[in-house]
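Beneath this line is the structure, given in structure tokens, with notes to follow.
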Amino acid sequence: MDAQTIKSKIGERLVDVSVECTDADGYVCVDVRREDLLKVVSFLKEEPSLRLDFLMAITGIDLAGLEEGKGFRVLYHLFSYPYKHTVVVRVDLPKDDPTVPSLANLYGSANWNEREVYDLFGIVFQGHPDLRRILLPEEWVGHPLRKDYKEPDVILGFPATRTSLMDKIKAARVKGKEEQG
Amino acid sequence: MNDERLGETVESQDDLREMVLNMGPHHPSTHGVIRFILKMDGEVISSCDIDIGYLHRGIEKIGEKVPYQGFIPFTDRVDYLGAMFVNHGYVMAVERLLGLEVPKRAEYLRVLADELNRIASHLICLGSITMDLGAYTPFLHGIRERERINDIIEELCGARLTYNYMRVGGVSFDLTPGLRGKILDFLDGLEVFIDEFNRLITFNEIFVRRCADIGVISKEEAISYGLVGPNLRASGVDFDLRRDQPYSVYPELEFEVPVGRGWAGTVGDTFDRFYLRIEEMRQSAKIIRQVLRKIPPGPILGKVPKKIKPEKGKEAFTRVESARGDLFTYVMADGTEMPYRVHFRTGSFNALSIVPKKVAGLMVADLVAFFASLDVIAPETDR
């Protein structure tokens, strides 16, 4: 399965959808706009000659650290059990509006994987049946895997940093000397 | 109707029937810390919500703050019963980023370590299923055998649980002189043990009735929910990464892939998942014997640059057949000495997500059996 085949198949069947396909090391990378995502992925899943029936993983990436002013990227790694080929669907999202359609109706595993990306990146999956935090507590502030995330000093009432034993000993020595002198 | 006895107003009799049962986080059969919030009608579960994250250590965030080699010990903590697999997946991803060649002997040692680890992990899984169902003895037998694997791996790499054995470009230690004989001794004992274990518990009438036809997962559901590894094969999908998407030296080794056949009930039930793991241990033993026969002499560490700095924007993903199935590792580089993004999608995470869908109508005791057979361990779901 190469990039050209997939591009022509998508072009044949889906009108007004623009995709960029590139060959990579053992898989095909498909760049889509987010408004086309649902159409493209459901085509990739249903098309009898592609049958990408296994959603391996949903990976969120904050691109801000690579290039100034960039937003987020979501990767969908798809695999086909009947044909044993791999396709990676990439969606880039703007920083100020990180929303993307949910795939929960297509793949059962999308439900929890999308919740994880929402939890750690704050990317909102529209149409998700139950978009809640999954790994972190409900009352957590912020999304830790974003590059601009700052660790708070106090987390849920517990201090996030502590003074080391050596610092305490040094402070006590200084205090003792002051009292003597 | 109002019922003042409960101190609150109850709208109808139906509300009185439903009870919320909080199972976990500290419950012996939750295999770690997982909390089930069950809505119960008598002893029958009507719906279930799962609360995870108690063991979330932010390993993916740590990955962005330590150098490439420095992250290997952290990968051990992703799955503490199968640390070798996470090691393997991660170093393979970094090697793919750099385009490194790994010496043949190192690849064989990796496969050896992987398969030993698989047997150890399956022994714990099988033992804990039986323990959750009330049979304590088989668990101790499993632990006894696992202890011998721990001794072997300790001699191989110095650690018994969090191995930190693999390196980018190879492995850290070679076989010690007497280790080969010890492994062969263990494998001879394992064959005997498996037969003994089968006589002891597998075909026990009570055990079979507790497991057969419980929590049946169909082929379509298993694929849709992304079940992987033994859970997927028990549902009748004939797929094994080691055979179908081969990595390392698996193409040079011969083994069979057991697939669920409905040994005691329906295909994809709890018993299938249990028995398939027993069959997999036999295959792992077969692989280890071949590895010991075929392992070539040579270096165990390839030529690795002193500072690992993959190109900016380069990315790689790998899939490894772990004891809990297809382990997905994604690494992205930004041109510095630290990864830009590391992501693991583990088998337990997907396996756990199918539980709320399947438990309606089961009894609590069956939930315990069903859940144990999925071989979910909490640190792997939470990372």
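Ordered as shown in the structure tokens, chains take letters A, B, and onward, while each chain numbers its residues from 1 and ligands are numbered from 1 in the order shown.
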
| said: Please check the contacts: residues of chain A at most 8 Å away from chain B, using only C-alpha atoms, listed as a ChimeraX atom specification. | reply: /A:53-57,59,61,66,81,84,107-110,112,134-137,144-145

For Pro152 in chain A, work out the shell of residues within 12 Å, counting only C-alpha atoms and skipping chain neighbours fewer than 6 positions away, then give it as an mmCIF file with C-alpha atoms, in the first residue's frame.
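Now in around_2.cif:
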data_model
loop_
_atom_site.group_PDB
_atom_site.id
_atom_site.type_symbol
_atom_site.label_atom_id
_atom_site.label_comp_id
_atom_site.auth_asym_id
_atom_site.auth_seq_id
_atom_site.Cartn_x
_atom_site.Cartn_y
_atom_site.Cartn_z
ATOM 1 C CA TRP A 140 -6.926 19.394 38.391
ATOM 2 C CA VAL A 141 -6.053 22.751 36.835
ATOM 3 C CA GLY A 142 -4.368 22.816 33.427
ATOM 4 C CA HIS A 143 -3.146 20.167 31.035
ATOM 5 C CA PRO A 144 0.328 18.861 31.952
ATOM 6 C CA PHE A 158 -0.040 19.172 49.088
ATOM 7 C CA PRO A 159 3.164 21.130 48.455
ATOM 8 C CA ALA A 160 4.816 20.041 45.197
ATOM 9 C CA THR A 161 8.335 20.818 46.378
#

| request: Might you pull out every residue within 12 Å of range 32-34 of chain A, with only C-alpha atoms counted and same-chain residues fewer than 5 positions away left off, and present them as a ChimeraX atom specification? | output: /A:7,10,16-22,39-41,72-76,88-94,97-103,125-126

Would you put the residues from that selection into a file with N, CA and C atoms, as a short mmCIF file (atom, residue, chain, number, x, y, z; two decimals), in the first residue's frame?
data_model
loop_
_atom_site.label_atom_id
_atom_site.label_comp_id
_atom_site.auth_asym_id
_atom_site.auth_seq_id
_atom_site.Cartn_x
_atom_site.Cartn_y
_atom_site.Cartn_z
N LYS A 7 -4.17 8.06 -1.91
CA LYS A 7 -4.61 9.40 -2.33
C LYS A 7 -5.62 9.30 -3.46
N ILE A 10 -8.99 7.97 -2.09
CA ILE A 10 -9.74 9.00 -1.37
C ILE A 10 -10.29 10.01 -2.37
N ASP A 16 -14.66 17.15 -2.59
CA ASP A 16 -14.21 18.30 -1.79
C ASP A 16 -13.51 17.93 -0.48
N VAL A 17 -12.65 16.91 -0.57
CA VAL A 17 -11.78 16.60 0.55
C VAL A 17 -10.36 16.68 0.03
N SER A 18 -9.50 17.43 0.72
CA SER A 18 -8.12 17.49 0.24
C SER A 18 -7.20 16.83 1.26
N VAL A 19 -6.44 15.87 0.80
CA VAL A 19 -5.51 15.19 1.69
C VAL A 19 -4.11 15.22 1.07
N GLU A 20 -3.13 15.12 1.93
CA GLU A 20 -1.73 15.03 1.51
C GLU A 20 -1.24 13.67 1.95
N CYS A 21 -0.76 12.84 1.02
CA CYS A 21 -0.27 11.52 1.43
C CYS A 21 1.22 11.43 1.18
N THR A 22 1.94 10.91 2.16
CA THR A 22 3.38 10.71 1.99
C THR A 22 3.75 9.31 2.45
N LYS A 39 -14.85 12.10 7.77
CA LYS A 39 -15.12 11.51 6.46
C LYS A 39 -13.99 10.59 6.05
N VAL A 40 -12.75 11.09 6.18
CA VAL A 40 -11.60 10.32 5.70
C VAL A 40 -11.42 9.05 6.52
N VAL A 41 -11.50 9.17 7.85
CA VAL A 41 -11.26 7.98 8.68
C VAL A 41 -12.36 6.95 8.48
N PHE A 72 -1.47 22.41 18.01
CA PHE A 72 -1.38 21.01 18.39
C PHE A 72 -1.46 20.11 17.17
N ARG A 73 -1.05 18.88 17.38
CA ARG A 73 -1.20 17.88 16.33
C ARG A 73 -1.77 16.62 16.99
N VAL A 74 -2.71 15.98 16.30
CA VAL A 74 -3.22 14.70 16.78
C VAL A 74 -2.91 13.64 15.73
N LEU A 75 -2.30 12.53 16.20
CA LEU A 75 -1.96 11.43 15.31
C LEU A 75 -2.89 10.26 15.58
N TYR A 76 -3.44 9.70 14.51
CA TYR A 76 -4.24 8.48 14.65
C TYR A 76 -3.50 7.38 13.92
N VAL A 88 -1.15 6.38 9.04
CA VAL A 88 -1.17 7.36 10.12
C VAL A 88 -1.90 8.60 9.63
N VAL A 89 -2.97 8.97 10.31
CA VAL A 89 -3.72 10.17 9.94
C VAL A 89 -3.29 11.31 10.85
N ARG A 90 -2.92 12.44 10.24
CA ARG A 90 -2.42 13.58 11.03
C ARG A 90 -3.36 14.76 10.89
N VAL A 91 -3.69 15.37 12.00
CA VAL A 91 -4.51 16.58 11.97
C VAL A 91 -3.78 17.66 12.74
N ASP A 92 -3.60 18.82 12.15
CA ASP A 92 -3.02 19.95 12.87
C ASP A 92 -4.13 20.88 13.33
N LEU A 93 -4.01 21.34 14.58
CA LEU A 93 -5.04 22.18 15.15
C LEU A 93 -4.43 23.51 15.58
N PRO A 94 -5.20 24.61 15.42
CA PRO A 94 -4.68 25.90 15.88
C PRO A 94 -4.63 25.95 17.41
N ASP A 97 -7.90 27.28 19.26
CA ASP A 97 -9.15 26.54 19.13
C ASP A 97 -8.86 25.06 18.92
N PRO A 98 -8.36 24.36 19.97
CA PRO A 98 -8.00 22.95 19.78
C PRO A 98 -9.21 22.03 19.87
N THR A 99 -10.01 21.99 18.83
CA THR A 99 -11.14 21.06 18.80
C THR A 99 -11.01 20.18 17.56
N VAL A 100 -11.49 18.97 17.69
CA VAL A 100 -11.39 18.02 16.59
C VAL A 100 -12.57 17.06 16.74
N PRO A 101 -13.15 16.57 15.62
CA PRO A 101 -14.28 15.65 15.77
C PRO A 101 -13.87 14.34 16.44
N SER A 102 -14.79 13.77 17.21
CA SER A 102 -14.49 12.53 17.91
C SER A 102 -14.72 11.32 17.01
N LEU A 103 -13.90 10.30 17.20
CA LEU A 103 -14.06 9.06 16.43
C LEU A 103 -14.75 7.97 17.25
N PHE A 125 -12.70 16.94 21.98
CA PHE A 125 -13.19 16.05 20.93
C PHE A 125 -14.70 16.25 20.82
N GLN A 126 -15.12 16.89 19.72
CA GLN A 126 -16.54 17.21 19.57
C GLN A 126 -17.34 15.95 19.25
#

| request: Do a neighbour search on range 142-159 of chain B at 10 Å with only C-alpha atoms, toss out local chain neighbours closer than 5 positions, and write the hits as a PyMOL selection string. | output: chain B and resi 109+113+116-117+119-128+137+164-166+171-176+178-180+182-183+186-187+189-190+193-194+197

| task | Could you give me, as a count of residues only, the residues within 9 Å of Gly236 in chain B, counting only C-alpha atoms and dropping anything in the same chain fewer than 2 positions from it? | result | 13

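Pairwise distance (CA of Asp195 in chain B, CA of Leu161 in chain B) equals 26.6 Å.
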
| query | Please, which residues of range 7-176 of chain A, numbered as in this document, come out strand (DSSP E or B) from DSSP, as a PyMOL selection string? | reply | chain A and resi 19-23+28-32+54-62+72-79+86-93+99-101+124-126+154-155+158-159

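CA of Ala372 in chain B to CA of Met131 in chain B spans 9.6 Å [interatomic distance, one decimal].
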
| query | Taking the backbone alone, and naming residues the way the document does, which bits of chain A are alpha helix (DSSP H) by DSSP, as a VMD selection string? | reply | chain A and resid 3 to 13 37 to 46 110 to 121 165 to 180

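Distances to Met338 in chain B were evaluated for B:Ile308, B:Val249, B:Val364, B:Val208 using only C-alpha atoms, and the minimum falls at B:Ile308.
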
| task | Just the residues within 10 Å of Pro129 in chain A, please, counting only C-alpha atoms, with nothing from its chain fewer than 6 positions along; format it as a ChimeraX atom specification. | result | /A:102,104-105,111
